[in-house]
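Visitor: So that you have it, the file is input35.cif, and it contains mmCIF, C-alpha atoms:
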```
data_final
loop_
_atom_site.label_atom_id
_atom_site.label_comp_id
_atom_site.auth_asym_id
_atom_site.auth_seq_id
_atom_site.Cartn_x
_atom_site.Cartn_y
_atom_site.Cartn_z
CA MET A 1 -24.32 -32.97 -36.15
CA GLY A 2 -25.24 -29.48 -34.99
CA ILE A 3 -23.15 -26.45 -35.85
CA ARG A 4 -21.30 -25.10 -32.80
CA LYS A 5 -21.75 -21.39 -32.35
CA LYS A 6 -18.66 -19.30 -31.77
CA ALA A 7 -18.43 -17.76 -28.33
CA ASN A 8 -18.63 -13.98 -28.50
CA LYS A 9 -15.44 -12.89 -26.77
CA ASN A 10 -15.99 -9.19 -27.48
CA PRO A 11 -18.51 -7.73 -25.01
CA PRO A 12 -21.06 -5.12 -26.19
CA VAL A 13 -19.73 -1.59 -26.54
CA LEU A 14 -20.07 0.54 -23.39
CA SER A 15 -21.13 -2.48 -21.32
CA HIS A 16 -19.57 -3.03 -17.88
CA GLU A 17 -17.30 -5.78 -19.21
CA PHE A 18 -16.25 -3.62 -22.17
CA VAL A 19 -15.29 -0.71 -19.89
CA ILE A 20 -13.37 -3.01 -17.51
CA GLN A 21 -11.44 -4.73 -20.32
CA ASN A 22 -10.58 -1.51 -22.16
CA HIS A 23 -10.41 1.01 -19.29
CA ALA A 24 -6.70 1.70 -19.86
CA ASP A 25 -7.28 2.61 -23.53
CA ILE A 26 -10.27 4.80 -22.65
CA VAL A 27 -8.30 6.63 -19.95
CA SER A 28 -5.35 7.06 -22.36
CA CYS A 29 -7.65 8.87 -24.79
CA VAL A 30 -8.83 11.22 -22.03
CA ALA A 31 -5.22 11.87 -20.99
CA MET A 32 -4.33 12.73 -24.59
CA VAL A 33 -6.86 15.59 -24.46
CA PHE A 34 -4.87 17.07 -21.53
CA LEU A 35 -1.59 16.63 -23.39
CA LEU A 36 -2.97 18.37 -26.49
CA GLY A 37 -4.07 21.25 -24.28
CA LEU A 38 -0.58 21.57 -22.81
CA MET A 39 0.91 21.92 -26.31
CA PHE A 40 -0.65 25.38 -26.59
CA GLU A 41 0.78 26.63 -23.28
CA VAL A 42 3.87 28.80 -23.26
CA SER A 43 5.40 27.15 -20.18
CA PRO A 44 4.81 23.94 -18.20
CA VAL A 45 4.49 26.09 -15.08
CA HIS A 46 0.79 26.49 -15.94
CA MET A 47 0.29 22.90 -14.80
CA PHE A 48 0.55 24.22 -11.26
CA ASN A 49 -1.33 26.90 -9.43
CA GLY A 50 1.45 29.49 -9.30
CA PHE A 51 5.07 30.14 -8.53
CA GLU A 52 7.47 32.72 -7.22
CA ARG A 53 11.10 33.22 -8.08
CA CYS A 54 13.75 33.02 -5.38
CA PRO A 55 16.50 35.60 -5.05
CA GLU A 56 19.16 35.52 -7.75
CA GLU A 57 21.74 33.68 -5.66
CA THR A 58 19.55 30.56 -5.41
CA ALA A 59 17.96 30.75 -8.89
CA MET A 60 15.07 28.43 -8.00
CA ASN A 61 11.33 28.67 -8.66
CA LEU A 62 9.08 27.96 -5.67
CA PHE A 63 5.45 26.88 -6.01
CA HIS A 64 2.36 27.16 -3.83
CA HIS A 65 -0.89 25.22 -3.79
CA GLY A 66 -4.25 26.40 -5.08
CA ILE A 67 -7.50 25.48 -6.81
CA LYS A 68 -5.80 24.87 -10.17
CA ASP A 69 -3.99 21.89 -8.66
CA LEU A 70 -7.24 19.91 -8.94
CA ALA A 71 -6.88 19.66 -12.73
CA THR A 72 -3.27 18.53 -12.39
CA ILE A 73 -4.21 15.93 -9.77
CA PHE A 74 -6.96 14.63 -12.07
CA PHE A 75 -4.48 14.30 -14.94
CA TYR A 76 -1.99 12.32 -12.84
CA MET A 77 -4.85 10.17 -11.56
CA LEU A 78 -5.38 9.16 -15.20
CA VAL A 79 -1.65 8.49 -15.57
CA ALA A 80 -1.76 6.29 -12.45
CA ILE A 81 -4.65 4.26 -13.93
CA ILE A 82 -2.64 3.69 -17.12
CA MET A 83 0.50 2.67 -15.18
CA HIS A 84 -1.59 0.35 -13.00
CA ALA A 85 -2.92 -1.42 -16.10
CA ILE A 86 0.59 -1.75 -17.61
CA ILE A 87 2.05 -3.31 -14.44
CA GLN A 88 -0.96 -5.62 -14.12
CA GLU A 89 -0.93 -6.87 -17.70
CA TYR A 90 2.78 -7.12 -18.45
CA VAL A 91 4.15 -8.18 -15.04
CA LEU A 92 1.63 -9.49 -12.52
CA ASP A 93 -0.67 -11.41 -14.89
CA LYS A 94 2.30 -13.27 -16.39
CA ILE A 95 3.53 -14.32 -12.93
CA ASN A 96 -0.01 -15.37 -11.95
CA ARG A 97 -0.28 -17.62 -14.98
CA LYS A 98 2.99 -19.33 -14.08
CA LYS A 99 2.28 -19.78 -10.37
CA HIS A 100 -1.42 -20.81 -10.63
CA PHE A 101 -2.44 -19.04 -7.41
CA SER A 102 -5.81 -19.60 -5.77
CA LYS A 103 -8.41 -16.81 -5.98
CA THR A 104 -7.52 -15.47 -2.53
CA LYS A 105 -3.79 -15.50 -3.18
CA HIS A 106 -4.36 -14.09 -6.66
CA SER A 107 -6.03 -10.92 -5.36
CA LYS A 108 -3.50 -10.47 -2.52
CA PHE A 109 -0.59 -11.01 -4.92
CA ASN A 110 -1.95 -8.35 -7.28
CA GLU A 111 -2.46 -5.92 -4.40
CA SER A 112 1.05 -6.44 -3.02
CA GLY A 113 2.59 -6.28 -6.49
CA GLN A 114 0.97 -2.94 -7.30
CA LEU A 115 1.68 -1.41 -3.89
CA SER A 116 5.29 -2.65 -3.85
CA ALA A 117 5.98 -0.80 -7.10
CA PHE A 118 4.32 2.37 -5.82
CA PHE A 119 5.93 2.30 -2.37
CA PHE A 120 9.37 1.62 -3.84
CA PHE A 121 9.05 4.55 -6.24
CA SER A 122 7.58 6.91 -3.62
CA PHE A 123 10.13 5.99 -0.95
CA GLY A 124 13.08 6.55 -3.29
CA TRP A 125 11.71 9.81 -4.63
CA GLY A 126 10.76 11.12 -1.18
CA ALA A 127 14.14 10.18 0.32
CA SER A 128 15.95 12.05 -2.46
CA ILE A 129 13.88 15.19 -1.71
CA LEU A 130 14.66 14.91 2.01
CA LEU A 131 18.37 14.68 1.28
CA SER A 132 18.38 17.53 -1.24
CA GLU A 133 16.41 19.85 1.06
CA ASN A 134 18.45 18.85 4.18
CA PHE A 135 15.33 18.13 6.27
CA LEU A 136 16.99 15.16 7.98
CA SER A 137 20.19 16.97 8.94
CA ASN A 138 18.19 19.96 10.19
CA PRO A 139 14.99 18.72 11.93
CA VAL A 140 14.20 22.24 13.18
CA SER A 141 13.29 23.14 9.59
CA LEU A 142 10.13 21.04 10.00
CA TRP A 143 8.50 23.88 11.95
CA GLU A 144 10.80 26.86 11.47
CA GLU A 145 9.51 29.67 9.26
CA TYR A 146 5.98 28.25 9.24
CA PRO A 147 3.79 28.56 7.18
CA HIS A 148 5.68 26.72 4.44
CA THR A 149 3.52 28.03 1.63
CA LEU A 150 6.27 27.85 -1.00
CA MET A 151 7.72 24.53 -2.15
CA PRO A 152 10.39 23.51 -4.64
CA PHE A 153 9.17 21.87 -7.84
CA GLN A 154 10.07 18.32 -6.76
CA MET A 155 8.15 18.55 -3.47
CA LYS A 156 5.01 20.00 -5.04
CA PHE A 157 5.11 17.45 -7.86
CA TYR A 158 5.56 14.69 -5.26
CA PHE A 159 2.36 15.67 -3.43
CA ILE A 160 0.45 16.05 -6.71
CA CYS A 161 1.44 12.48 -7.69
CA GLN A 162 0.58 11.13 -4.24
CA LEU A 163 -2.92 12.56 -4.35
CA GLY A 164 -3.36 11.39 -7.94
CA TYR A 165 -2.31 7.85 -7.08
CA TRP A 166 -4.61 7.44 -4.08
CA LEU A 167 -7.52 8.95 -6.00
CA HIS A 168 -6.93 6.45 -8.81
CA ALA A 169 -7.37 3.62 -6.28
CA LEU A 170 -11.11 4.44 -6.08
CA PRO A 171 -12.03 3.62 -9.72
CA GLU A 172 -9.59 0.69 -9.61
CA LEU A 173 -11.96 -1.01 -7.15
CA TYR A 174 -14.40 -1.22 -10.07
CA PHE A 175 -11.85 -1.95 -12.80
CA GLN A 176 -10.24 -4.81 -10.82
CA LYS A 177 -13.61 -6.34 -9.83
CA THR A 178 -12.77 -6.17 -6.14
CA LYS A 179 -14.80 -8.49 -3.92
CA LYS A 180 -17.55 -6.87 -1.88
CA GLU A 181 -16.05 -8.05 1.40
CA ASP A 182 -12.68 -6.42 0.52
CA ILE A 183 -14.10 -3.04 -0.53
CA PRO A 184 -14.68 -1.58 3.01
CA ARG A 185 -11.11 -2.43 4.08
CA GLN A 186 -9.63 -0.81 0.98
CA LEU A 187 -11.88 2.24 1.22
CA VAL A 188 -10.71 2.83 4.79
CA TYR A 189 -6.99 2.97 3.97
CA ILE A 190 -7.57 4.97 0.74
CA PHE A 191 -9.59 7.48 2.77
CA LEU A 192 -6.87 7.70 5.45
CA TYR A 193 -4.14 8.35 2.88
CA LEU A 194 -6.17 11.03 1.08
CA VAL A 195 -7.23 12.82 4.27
CA HIS A 196 -3.73 12.94 5.76
CA ILE A 197 -1.88 13.90 2.56
CA ALA A 198 -4.48 16.46 1.44
CA GLY A 199 -4.77 17.85 4.97
CA ALA A 200 -1.00 18.36 5.29
CA TYR A 201 -0.87 19.86 1.78
CA ILE A 202 -3.62 22.40 2.52
CA LEU A 203 -2.40 23.25 6.04
CA ASN A 204 1.16 23.80 4.73
CA LEU A 205 2.58 20.98 6.85
CA ASN A 206 4.23 19.50 3.75
CA ARG A 207 7.68 19.06 5.31
CA LEU A 208 6.41 17.01 8.24
CA CYS A 209 4.14 15.04 5.91
CA LEU A 210 7.03 14.23 3.57
CA VAL A 211 9.17 12.83 6.41
CA LEU A 212 6.30 10.74 7.78
CA LEU A 213 5.37 9.43 4.31
CA VAL A 214 8.93 8.29 3.57
CA LEU A 215 9.08 6.52 6.94
CA HIS A 216 5.67 4.90 6.48
CA TYR A 217 6.30 3.86 2.87
CA PHE A 218 9.53 2.11 3.80
CA VAL A 219 7.75 -0.04 6.40
CA GLU A 220 4.85 -0.80 4.01
CA LEU A 221 7.29 -1.66 1.21
CA LEU A 222 8.95 -4.25 3.45
CA PHE A 223 5.58 -5.81 4.30
CA HIS A 224 4.43 -6.20 0.70
CA ILE A 225 7.80 -7.55 -0.45
CA SER A 226 7.65 -10.07 2.41
CA ARG A 227 4.19 -11.11 1.29
CA LEU A 228 5.35 -11.57 -2.31
CA VAL A 229 8.25 -13.72 -1.09
CA TYR A 230 5.84 -15.70 1.10
CA PHE A 231 3.61 -16.45 -1.91
CA SER A 232 6.61 -17.84 -3.80
CA ASN A 233 7.71 -19.97 -0.84
CA GLU A 234 5.52 -20.30 2.28
CA HIS A 235 8.48 -21.28 4.45
CA ARG A 236 10.13 -17.86 4.01
CA GLN A 237 8.55 -15.77 6.76
CA MET A 238 11.57 -13.93 8.14
CA GLY A 239 10.50 -10.75 6.36
CA PHE A 240 7.30 -10.56 8.42
CA THR A 241 9.33 -10.68 11.65
CA ILE A 242 11.56 -7.81 10.54
CA TRP A 243 8.51 -5.88 9.36
CA ALA A 244 6.77 -6.38 12.74
CA VAL A 245 9.69 -4.80 14.60
CA LEU A 246 10.02 -1.89 12.16
CA PHE A 247 6.26 -1.33 12.16
CA VAL A 248 6.21 -0.68 15.92
CA LEU A 249 9.30 1.54 15.67
CA GLY A 250 7.69 3.42 12.79
CA ARG A 251 4.60 4.16 14.85
CA LEU A 252 6.73 5.45 17.74
CA LEU A 253 8.81 7.66 15.42
CA THR A 254 5.67 9.01 13.75
CA LEU A 255 4.15 9.99 17.09
CA SER A 256 7.42 11.47 18.34
CA LEU A 257 7.99 13.62 15.23
CA SER A 258 4.37 14.75 15.17
CA VAL A 259 4.32 15.80 18.83
CA LEU A 260 7.73 17.46 18.48
CA THR A 261 6.73 19.44 15.36
CA VAL A 262 3.09 20.29 16.06
CA GLY A 263 2.92 20.09 19.86
CA PHE A 264 6.19 21.86 20.68
CA GLY A 265 7.67 23.47 17.55
CA LEU A 266 4.56 25.21 16.21
CA ALA A 267 3.21 25.89 19.71
CA THR A 268 6.31 27.94 20.60
CA ALA A 269 6.66 29.61 17.19
CA GLU A 270 6.41 33.39 16.97
CA ASN A 271 4.02 33.36 14.02
CA GLN A 272 0.79 32.44 15.86
CA GLY A 273 -2.70 33.06 14.54
CA PHE A 274 -5.11 32.19 11.73
CA ASP A 275 -4.57 33.90 8.38
CA LEU A 276 -6.15 32.15 5.40
CA ALA A 277 -4.59 34.48 2.83
CA ALA A 278 -1.07 33.93 4.21
CA GLY A 279 -1.68 30.18 4.70
CA ASN A 280 -1.10 30.38 8.44
CA PHE A 281 -3.14 27.83 10.46
CA ASN A 282 -1.02 27.92 13.62
CA ILE A 283 -3.79 28.07 16.22
CA LEU A 284 -4.53 25.77 19.16
CA PHE A 285 -7.65 24.17 17.60
CA VAL A 286 -5.83 23.20 14.40
CA ARG A 287 -2.82 21.85 16.30
CA ILE A 288 -5.02 19.70 18.55
CA THR A 289 -7.02 18.45 15.54
CA VAL A 290 -3.86 17.51 13.65
CA LEU A 291 -2.35 15.68 16.62
CA ALA A 292 -5.65 13.92 17.38
CA ALA A 293 -5.94 12.72 13.77
CA ILE A 294 -2.37 11.39 13.78
CA CYS A 295 -2.70 9.70 17.19
CA LEU A 296 -6.03 8.07 16.31
CA THR A 297 -4.63 6.79 13.01
CA GLN A 298 -1.57 5.32 14.71
CA ALA A 299 -3.77 3.69 17.37
CA PHE A 300 -6.00 2.22 14.63
CA MET A 301 -2.97 0.85 12.79
CA MET A 302 -1.58 -0.70 15.98
CA TRP A 303 -4.95 -2.33 16.68
CA LYS A 304 -4.99 -3.83 13.17
CA PHE A 305 -1.38 -4.92 13.60
CA ILE A 306 -2.08 -6.69 16.92
CA ASN A 307 -5.07 -8.50 15.42
CA PHE A 308 -2.94 -9.56 12.45
CA GLN A 309 -0.20 -10.93 14.70
CA LEU A 310 -2.69 -12.78 16.93
CA ARG A 311 -4.29 -14.37 13.89
CA ARG A 312 -0.90 -15.47 12.58
CA TRP A 313 0.10 -16.97 15.98
CA ARG A 314 -3.26 -18.74 16.22
CA GLU A 315 -2.87 -20.26 12.75
CA HIS A 316 0.70 -21.30 13.56
CA ALA A 317 -0.42 -22.95 16.83
CA GLN A 318 -3.20 -24.83 15.02
CA ALA A 319 -0.76 -26.07 12.40
CA GLN A 320 1.62 -27.28 15.12
CA THR A 321 -1.14 -29.18 16.98
CA LEU A 322 -2.23 -30.86 13.76
CA LYS A 323 1.33 -31.99 13.12
CA LYS A 324 1.61 -33.39 16.66
CA LYS A 325 -1.66 -35.31 16.25
CA GLN A 326 -0.54 -36.80 12.94
CA VAL A 327 2.77 -38.13 14.32
CA PRO A 328 1.26 -40.38 17.10
CA SER A 329 -1.43 -41.69 14.74
CA LYS A 330 1.26 -42.75 12.24
CA SER A 331 3.33 -44.45 14.93
CA LYS A 332 0.18 -46.18 16.25
CA SER A 333 -0.68 -47.57 12.84
CA LYS A 334 2.87 -48.92 12.48
CA LYS A 335 2.61 -50.64 15.88
CA ASP A 336 -0.76 -52.15 14.97
CA LYS A 337 0.66 -53.54 11.76
CA ALA A 338 3.60 -55.00 13.61
CA ASN A 339 1.31 -56.59 16.24
CA GLY A 340 -0.87 -58.02 13.52
CA VAL A 341 2.06 -59.74 11.83
CA ASN A 342 3.25 -61.17 15.16
CA GLY A 343 -0.25 -62.41 15.88
CA VAL A 344 -0.38 -64.31 12.62
CA ASN A 345 3.00 -65.84 13.29
CA SER A 346 2.06 -66.85 16.83
CA HIS A 347 -1.55 -67.95 16.29
CA GLY A 348 -1.69 -68.51 12.56
CA ALA A 349 -2.49 -71.80 10.80
CA ASP A 350 1.16 -72.77 10.37
CA SER A 351 2.18 -72.11 13.97
CA PRO A 352 3.00 -75.10 16.28
CA ARG A 353 0.18 -74.14 18.63
CA ALA A 354 -2.34 -74.31 15.79
CA ARG A 355 -1.09 -77.75 14.76
CA LYS A 356 -1.46 -79.00 18.31
CA GLU A 357 -5.03 -77.71 18.49
CA LYS A 358 -5.86 -79.42 15.18
CA SER A 359 -4.45 -82.78 16.26
CA SER A 360 -6.41 -82.66 19.54
#
```
What is this file in structure tokens?

Guide:
Amino acid sequence: MGIRKKANKNPPVLSHEFVIQNHADIVSCVAMVFLLGLMFEVSPVHMFNGFERCPEETAMNLFHHGIKDLATIFFYMLVAIIMHAIIQEYVLDKINRKKHFSKTKHSKFNESGQLSAFFFFSFGWGASILLSENFLSNPVSLWEEYPHTLMPFQMKFYFICQLGYWLHALPELYFQKTKKEDIPRQLVYIFLYLVHIAGAYILNLNRLCLVLLVLHYFVELLFHISRLVYFSNEHRQMGFTIWAVLFVLGRLLTLSLSVLTVGFGLATAENQGFDLAAGNFNILFVRITVLAAICLTQAFMMWKFINFQLRRWREHAQAQTLKKKQVPSKSKSKKDKANGVNGVNSHGADSPRARKEKSS
């Protein structure tokens, strides 16, 4: 009897499999270098590019963006990778083992699970900033006193975390072994998030961007929760119907707020002109570019939405036709069985007619 060799479960050091299995630990070590560096700083304000102090009656520090934000964004990208691995290992993988999903459902469940956690956190945090800064009760503040170069700590930190999260989604395509056919789709929406958030952050349109992000994240949160519920029970599809209505309303609100703020508010503002040092980008070319980018993105999302709904209706119609075909075939087989039994009774060997034919 031959000796069975033990399977080597530990991949070679620095191999692709080793990096994928231990990427959270590797990233944690890199993040620790940043934390050790922060221990020698006098104040945590150095994490950001700079700040200015408000008048004494408000007693609040306001921050502006700059080149030093890149290091902070990189650090929170590492934090997002670590949090992604924690949610995956301690929550989603345990549910996957219990439910025994197929490969397709497995990847979609992981995607919706991760995005549900992020959208829930971002929506709650963004809504609290909107309420504390009174942007909802005073919509004119979205374009008044532009450029909005100075931000409170919570708003600046919010945008830093948003950029860090969507940047972390790029290496996660490798860490999660994403299928080749899914990579283009994910790259498109990662690119759209990064371009819109970074563009609003640089152009000092952070107030408008915050309102639109909170609105968009709420609709996306509902979709991914509905998909998680659908995976647990395929008969529960009411969430998709509610999401479909809110999705269309969300696109209309996004276009309305964008046109109102950029097309009318900034166009009629007194502070017109291009001043890079002051952060003023209120010129016609920039306004048209911003509105064109928003309108094209909303049109692209509506096109994807219509295709998704048509595919769902087509699948539902096919399922209904299959059910209708199965019902007549079952009833036919029952009739055939019944006719067969009657035929045996009427023409079988023990029937009177058969006896008569035998005797003749």

Visitor: Fewer than 4 positions away in the same chain doesn't count, so skip those; otherwise give me all residues within 8 Å of Gly273 in chain A, counting all atoms listed in the file, as a PyMOL selection string.

Guide: chain A and resi 280-283

Visitor: Need the shell around range 241-249 of chain A: protein/DNA/RNA residues with any atom at most 8 Å away, counting only C-alpha atoms. Skip same-chain ones fewer than 2 positions apart. Format as a short mmCIF file (atom, residue, chain, number, x, y, z; two decimals) with C-alpha atoms, in the coordinates of the input?

Guide:
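File written: selection20.cif
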```
data_model
loop_
_atom_site.label_atom_id
_atom_site.label_comp_id
_atom_site.auth_asym_id
_atom_site.auth_seq_id
_atom_site.Cartn_x
_atom_site.Cartn_y
_atom_site.Cartn_z
CA VAL A 219 7.75 -0.04 6.40
CA LEU A 222 8.95 -4.25 3.45
CA PHE A 223 5.58 -5.81 4.30
CA GLN A 237 8.55 -15.77 6.76
CA MET A 238 11.57 -13.93 8.14
CA GLY A 239 10.50 -10.75 6.36
CA ARG A 251 4.60 4.16 14.85
CA LEU A 252 6.73 5.45 17.74
CA LEU A 253 8.81 7.66 15.42
CA MET A 302 -1.58 -0.70 15.98
#
```

Visitor: Evaluate the PyMOL selection byres ((chain A and resi 78) around 12) here and jot the selected residues down as an mmCIF file with C-alpha atoms, keeping the file's coordinate frame.

Guide:
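Contents of the output file selection.cif:
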```
data_model
loop_
_atom_site.group_PDB
_atom_site.id
_atom_site.type_symbol
_atom_site.label_atom_id
_atom_site.label_comp_id
_atom_site.auth_asym_id
_atom_site.auth_seq_id
_atom_site.Cartn_x
_atom_site.Cartn_y
_atom_site.Cartn_z
ATOM 1 C CA HIS A 23 -10.410 1.010 -19.290
ATOM 2 C CA ALA A 24 -6.700 1.700 -19.860
ATOM 3 C CA ASP A 25 -7.280 2.610 -23.530
ATOM 4 C CA ILE A 26 -10.270 4.800 -22.650
ATOM 5 C CA VAL A 27 -8.300 6.630 -19.950
ATOM 6 C CA SER A 28 -5.350 7.060 -22.360
ATOM 7 C CA CYS A 29 -7.650 8.870 -24.790
ATOM 8 C CA VAL A 30 -8.830 11.220 -22.030
ATOM 9 C CA ALA A 31 -5.220 11.870 -20.990
ATOM 10 C CA MET A 32 -4.330 12.730 -24.590
ATOM 11 C CA VAL A 33 -6.860 15.590 -24.460
ATOM 12 C CA PHE A 34 -4.870 17.070 -21.530
ATOM 13 C CA LEU A 35 -1.590 16.630 -23.390
ATOM 14 C CA ALA A 71 -6.880 19.660 -12.730
ATOM 15 C CA THR A 72 -3.270 18.530 -12.390
ATOM 16 C CA ILE A 73 -4.210 15.930 -9.770
ATOM 17 C CA PHE A 74 -6.960 14.630 -12.070
ATOM 18 C CA PHE A 75 -4.480 14.300 -14.940
ATOM 19 C CA TYR A 76 -1.990 12.320 -12.840
ATOM 20 C CA MET A 77 -4.850 10.170 -11.560
ATOM 21 C CA VAL A 79 -1.650 8.490 -15.570
ATOM 22 C CA ALA A 80 -1.760 6.290 -12.450
ATOM 23 C CA ILE A 81 -4.650 4.260 -13.930
ATOM 24 C CA ILE A 82 -2.640 3.690 -17.120
ATOM 25 C CA MET A 83 0.500 2.670 -15.180
ATOM 26 C CA HIS A 84 -1.590 0.350 -13.000
ATOM 27 C CA ALA A 85 -2.920 -1.420 -16.100
ATOM 28 C CA CYS A 161 1.440 12.480 -7.690
ATOM 29 C CA LEU A 163 -2.920 12.560 -4.350
ATOM 30 C CA GLY A 164 -3.360 11.390 -7.940
ATOM 31 C CA TYR A 165 -2.310 7.850 -7.080
ATOM 32 C CA TRP A 166 -4.610 7.440 -4.080
ATOM 33 C CA LEU A 167 -7.520 8.950 -6.000
ATOM 34 C CA HIS A 168 -6.930 6.450 -8.810
ATOM 35 C CA ALA A 169 -7.370 3.620 -6.280
ATOM 36 C CA LEU A 170 -11.110 4.440 -6.080
ATOM 37 C CA PRO A 171 -12.030 3.620 -9.720
ATOM 38 C CA GLU A 172 -9.590 0.690 -9.610
#
```

Visitor: Please evaluate the PyMOL selection byres ((chain A and resi 217) around 12) against the displayed coordinates and give the resulting residues as a VMD selection string.

Guide: chain A and resid 115 to 127 162 193 209 to 216 218 to 225 243 246 to 247 250

Visitor: How many Å lie between CA of Phe285 in chain A and CA of Arg207 in chain A, rounded to one decimal?

Guide: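 Value for the CA of Phe285 in chain A-CA of Arg207 in chain A distance: 20.3 Å.
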
Visitor: Between A:Thr254, A:Thr149, A:Thr268, A:Asn22, which residue has the minimum interatomic distance to Tyr201 in chain A, considering all atoms listed in the file?

Guide: A:Thr149

Visitor: So which one's closest to Lys304 in chain A, A:Lys180, A:Arg185, A:Lys323, A:His316? Using all atoms listed in the file, please.

Guide: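 When distances to Lys304 in chain A are compared using all atoms listed in the file, the smallest one comes from A:Arg185.
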
Visitor: Enter the distance from CA of Glu17 in chain A to CA of Phe175 in chain A, in Å, rounded to one decimal.

Guide: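 These two atoms are separated by 9.2 Å.
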
Visitor: Give me, please, the distance in Å between CA of Ile183 in chain A and CA of Phe18 in chain A, quoted to one decimal.

Guide: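 It comes out at 21.8 Å.
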
Visitor: Taking 2 positions as the minimum chain separation for residues in the same chain, which residues sit within 9 Å of range 96-109 of chain A when counting all atoms listed in the file? Answer as a VMD selection string.

Guide: chain A and resid 91 to 94 111 to 114 178 224 227 to 228 231 to 232

Visitor: Taking all atoms listed in the file into account, name the residue in A:Phe240, A:Leu136, A:Glu234, A:Glu145 that is nearest to Gln309 in chain A.

Guide: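 Result for the nearest residue to Gln309 in chain A: A:Phe240.
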
Visitor: Using the chain letters and numbers from the file, which residues does the PyMOL selection byres ((chain A and resi 262) around 10) grab, as a list in words?

Guide: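 Applied to this file, the PyMOL selection byres ((chain A and resi 262) around 10) selects Leu142, Trp143, Leu205, Leu208, Leu257, Ser258, Val259, Leu260, Thr261, Gly263, Phe264, Gly265, Leu266, Ala267, Thr268, Asn282, Leu284, Val286, Arg287, Ile288, Val290 and Leu291 of chain A.
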
Visitor: With N, CA, C and O atoms as the target, complete range 106-117 of chain A and hand it back as a PDB file, keeping the file's coordinate frame.

Guide:
```pdb
ATOM      1  N   HIS A 106      -4.450 -14.874  -5.429  1.00  0.00           N
ATOM      2  CA  HIS A 106      -4.360 -14.090  -6.660  1.00  0.00           C
ATOM      3  C   HIS A 106      -4.623 -12.610  -6.388  1.00  0.00           C
ATOM      4  O   HIS A 106      -3.855 -11.735  -6.813  1.00  0.00           O
ATOM      5  N   SER A 107      -5.698 -12.308  -5.654  1.00  0.00           N
ATOM      6  CA  SER A 107      -6.030 -10.920  -5.360  1.00  0.00           C
ATOM      7  C   SER A 107      -4.991 -10.270  -4.436  1.00  0.00           C
ATOM      8  O   SER A 107      -4.600  -9.115  -4.630  1.00  0.00           O
ATOM      9  N   LYS A 108      -4.511 -11.023  -3.435  1.00  0.00           N
ATOM     10  CA  LYS A 108      -3.500 -10.470  -2.520  1.00  0.00           C
ATOM     11  C   LYS A 108      -2.167 -10.260  -3.243  1.00  0.00           C
ATOM     12  O   LYS A 108      -1.450  -9.289  -2.958  1.00  0.00           O
ATOM     13  N   PHE A 109      -1.828 -11.172  -4.156  1.00  0.00           N
ATOM     14  CA  PHE A 109      -0.590 -11.010  -4.920  1.00  0.00           C
ATOM     15  C   PHE A 109      -0.656  -9.767  -5.798  1.00  0.00           C
ATOM     16  O   PHE A 109       0.321  -8.998  -5.875  1.00  0.00           O
ATOM     17  N   ASN A 110      -1.797  -9.548  -6.449  1.00  0.00           N
ATOM     18  CA  ASN A 110      -1.950  -8.350  -7.280  1.00  0.00           C
ATOM     19  C   ASN A 110      -1.859  -7.079  -6.446  1.00  0.00           C
ATOM     20  O   ASN A 110      -1.214  -6.102  -6.837  1.00  0.00           O
ATOM     21  N   GLU A 111      -2.499  -7.101  -5.274  1.00  0.00           N
ATOM     22  CA  GLU A 111      -2.460  -5.920  -4.400  1.00  0.00           C
ATOM     23  C   GLU A 111      -1.039  -5.622  -3.944  1.00  0.00           C
ATOM     24  O   GLU A 111      -0.576  -4.473  -4.013  1.00  0.00           O
ATOM     25  N   SER A 112      -0.321  -6.654  -3.494  1.00  0.00           N
ATOM     26  CA  SER A 112       1.050  -6.440  -3.020  1.00  0.00           C
ATOM     27  C   SER A 112       1.981  -6.064  -4.164  1.00  0.00           C
ATOM     28  O   SER A 112       2.903  -5.266  -3.976  1.00  0.00           O
ATOM     29  N   GLY A 113       1.752  -6.624  -5.346  1.00  0.00           N
ATOM     30  CA  GLY A 113       2.590  -6.280  -6.490  1.00  0.00           C
ATOM     31  C   GLY A 113       2.447  -4.823  -6.878  1.00  0.00           C
ATOM     32  O   GLY A 113       3.443  -4.121  -7.113  1.00  0.00           O
ATOM     33  N   GLN A 114       1.201  -4.342  -6.941  1.00  0.00           N
ATOM     34  CA  GLN A 114       0.970  -2.940  -7.300  1.00  0.00           C
ATOM     35  C   GLN A 114       1.521  -1.992  -6.231  1.00  0.00           C
ATOM     36  O   GLN A 114       2.198  -1.000  -6.541  1.00  0.00           O
ATOM     37  N   LEU A 115       1.237  -2.296  -4.961  1.00  0.00           N
ATOM     38  CA  LEU A 115       1.680  -1.410  -3.890  1.00  0.00           C
ATOM     39  C   LEU A 115       3.191  -1.446  -3.696  1.00  0.00           C
ATOM     40  O   LEU A 115       3.792  -0.437  -3.319  1.00  0.00           O
ATOM     41  N   SER A 116       3.820  -2.583  -3.955  1.00  0.00           N
ATOM     42  CA  SER A 116       5.290  -2.650  -3.850  1.00  0.00           C
ATOM     43  C   SER A 116       5.937  -1.711  -4.851  1.00  0.00           C
ATOM     44  O   SER A 116       6.892  -0.992  -4.512  1.00  0.00           O
ATOM     45  N   ALA A 117       5.429  -1.702  -6.085  1.00  0.00           N
ATOM     46  CA  ALA A 117       5.980  -0.800  -7.100  1.00  0.00           C
ATOM     47  C   ALA A 117       5.787   0.653  -6.696  1.00  0.00           C
ATOM     48  O   ALA A 117       6.715   1.482  -6.806  1.00  0.00           O
TER      49      ALA A 117
END
```
